[in-house]
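Trainee: Here you go, one structure.
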Amino acid sequence: MEEKTLYEMESRVADFRFLFQTILLLILFVTSIFISHFYYALVVGILLGGYIVWRWIKGPLLGRPLVQIGPVKMIFNDRVFTGTKVFNIEDIHQLSLIGPVGNRKIRIHTKSGADEVVYQAIRGKQLVRIVEFLRSNLPDEIVLEEQEPPTWADAIRGDF
């Protein structure tokens, strides 16, 4: 199995962002030439060229990886709540999507019986991307279970 990675940004969003920033730098470059600020135009031209070369060398600037599934390890990277969590794939029994609708979490259940929250979503679209990525790329022996959101009373008691 090859390593699969889900990045923070989709590739078309990254491409649009690169195009927008390049057009802005190009407009700034042309404007600075027309108003006869040649040193300013030189600095902006060097910045524009460096930005294009950097993008050509580095590839798409997709942001940090959120989930990586490799042949041996699974890595979750949540900078806000849980940090970076690394698990051996053979130790994972199940993944669960739990919690109320506005505060969903992904929990890993290991074969030893330990449970650990590995990702907590602030934004729903990002969580949907992560769940779709997990559904399509998880090994067959790992189950992704989506539990029903708790009722209002369950959420107050913390029964999830």
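Chain labels A, B, ... are given in the sequence in which chains occur in the structure tokens; within each chain residues are numbered consecutively from 1, and ligands are likewise numbered from 1 in the order shown.
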Which residues of region 57-88 of chain A come within 12 Å of region 115-132 of chain A, and for each one, what is the closest pair of atoms and their distance in Å to one decimal, counting only C-alpha atoms, sorted by chain and residue number, as CSV?
Mentor:
residue,atom,partner,partner_atom,distance
A:Pro65,CA,A:Ile130,CA,10.9
A:Leu66,CA,A:Ile130,CA,7.9
A:Val67,CA,A:Ile130,CA,7.4
A:Gln68,CA,A:Ile130,CA,10.5
A:Ile69,CA,A:Ile130,CA,11.7
A:Met74,CA,A:Val118,CA,10.8
A:Ile75,CA,A:Val118,CA,9.1
A:Phe76,CA,A:Val118,CA,6.3
A:Asn77,CA,A:Tyr119,CA,7.6
A:Asp78,CA,A:Tyr119,CA,5.8
A:Arg79,CA,A:Tyr119,CA,9.2
A:Val80,CA,A:Gln120,CA,8.3
A:Phe81,CA,A:Gln120,CA,6.6
A:Thr82,CA,A:Val118,CA,6.0
A:Gly83,CA,A:Val118,CA,8.0
A:Thr84,CA,A:Val118,CA,8.0
A:Lys85,CA,A:Val118,CA,6.5
A:Val86,CA,A:Val118,CA,9.2
A:Phe87,CA,A:Val118,CA,10.1
Trainee: Only N, CA and C atoms, please: the residues just picked out, written as a compact mmCIF listing (two decimals), in the first residue's frame.
Mentor:
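Resulting contents of part.txt:
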# COMPACT_ATOMS: atom_id res chain seq x y z
N PRO A 65 -0.34 18.66 5.95
CA PRO A 65 -1.15 17.44 5.83
C PRO A 65 -2.05 17.26 7.05
N LEU A 66 -3.30 16.89 6.82
CA LEU A 66 -4.24 16.64 7.92
C LEU A 66 -4.22 15.17 8.33
N VAL A 67 -4.26 14.28 7.33
CA VAL A 67 -4.27 12.84 7.58
C VAL A 67 -3.32 12.18 6.60
N GLN A 68 -2.49 11.28 7.11
CA GLN A 68 -1.61 10.48 6.26
C GLN A 68 -1.83 9.01 6.60
N ILE A 69 -2.09 8.23 5.56
CA ILE A 69 -2.26 6.79 5.73
C ILE A 69 -1.16 6.11 4.94
N MET A 74 -0.54 5.51 10.60
CA MET A 74 -1.58 6.48 10.29
C MET A 74 -1.32 7.70 11.16
N ILE A 75 -1.26 8.87 10.53
CA ILE A 75 -0.92 10.10 11.24
C ILE A 75 -2.08 11.09 11.11
N PHE A 76 -2.54 11.62 12.23
CA PHE A 76 -3.53 12.68 12.27
C PHE A 76 -2.85 13.94 12.77
N ASN A 77 -3.08 15.06 12.12
CA ASN A 77 -2.44 16.32 12.49
C ASN A 77 -3.51 17.37 12.72
N ASP A 78 -3.84 17.59 13.97
CA ASP A 78 -4.81 18.61 14.36
C ASP A 78 -4.08 19.62 15.24
N ARG A 79 -3.72 20.76 14.66
CA ARG A 79 -2.92 21.73 15.40
C ARG A 79 -3.69 22.42 16.52
N VAL A 80 -5.00 22.46 16.44
CA VAL A 80 -5.78 23.23 17.40
C VAL A 80 -6.04 22.47 18.69
N PHE A 81 -6.56 21.23 18.60
CA PHE A 81 -7.01 20.54 19.80
C PHE A 81 -6.11 19.39 20.25
N THR A 82 -5.78 18.48 19.36
CA THR A 82 -5.11 17.26 19.80
C THR A 82 -3.66 17.14 19.41
N GLY A 83 -3.18 17.95 18.49
CA GLY A 83 -1.80 17.87 18.04
C GLY A 83 -1.61 16.74 17.05
N THR A 84 -0.38 16.32 16.88
CA THR A 84 -0.07 15.23 15.94
C THR A 84 -0.12 13.90 16.67
N LYS A 85 -0.90 12.98 16.13
CA LYS A 85 -1.04 11.64 16.71
C LYS A 85 -0.62 10.62 15.67
N VAL A 86 0.24 9.69 16.07
CA VAL A 86 0.75 8.65 15.17
C VAL A 86 0.34 7.29 15.74
N PHE A 87 -0.25 6.45 14.87
CA PHE A 87 -0.69 5.12 15.28
C PHE A 87 -0.19 4.09 14.28
Trainee: Can you tell me which residues surround Gly70 (chain A) at a distance of at most 7 Å, considering only C-alpha atoms, apart from same-chain residues fewer than 3 positions away, and format the answer as a CSV table (one decimal) with C-alpha atoms, in the first residue's frame?
Mentor:
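The file below, around_33.csv, is the result:
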chain,number,residue,atom,x,y,z
A,1,MET,CA,0.0,0.0,0.0
A,2,GLU,CA,1.3,3.4,-0.9
A,3,GLU,CA,1.1,6.4,1.4
A,4,LYS,CA,-1.9,8.6,0.9
A,73,LYS,CA,1.4,4.1,10.2
A,74,MET,CA,-1.6,6.5,10.3
Trainee: Using Å and a single decimal, report how far CA of Arg107 (chain A) sits from CA of Tyr7 (chain A).
Mentor: 19.6 Å
Trainee: Quick one: residues within 6 Å of region 89-94 of chain A, only C-alpha atoms, excluding same-chain residues fewer than 6 positions away - as a list in words?
Mentor: Val72, Lys73, His109, Thr110, Lys111, Ile142 and Val143 of chain A
Trainee: Can you write out the residues you just picked, keeping C-alpha atoms, as a CSV table (one decimal), in the first residue's frame?
Mentor:
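Okay, result03.csv is ready:
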chain,number,residue,atom,x,y,z
A,72,VAL,CA,2.5,0.9,8.5
A,73,LYS,CA,1.4,4.1,10.2
A,109,HIS,CA,-10.3,2.5,19.1
A,110,THR,CA,-7.2,0.4,19.4
A,111,LYS,CA,-7.1,-3.4,19.7
A,142,ILE,CA,-10.3,-0.9,9.9
A,143,VAL,CA,-14.0,0.1,10.2
Trainee: Can you tell me, as a PyMOL selection string, what residues are no more than 7 Å from Leu62 (chain A) when counting only C-alpha atoms, ignoring any on the same chain fewer than 2 positions away?
Mentor: chain A and resi 7-11+14+60+64
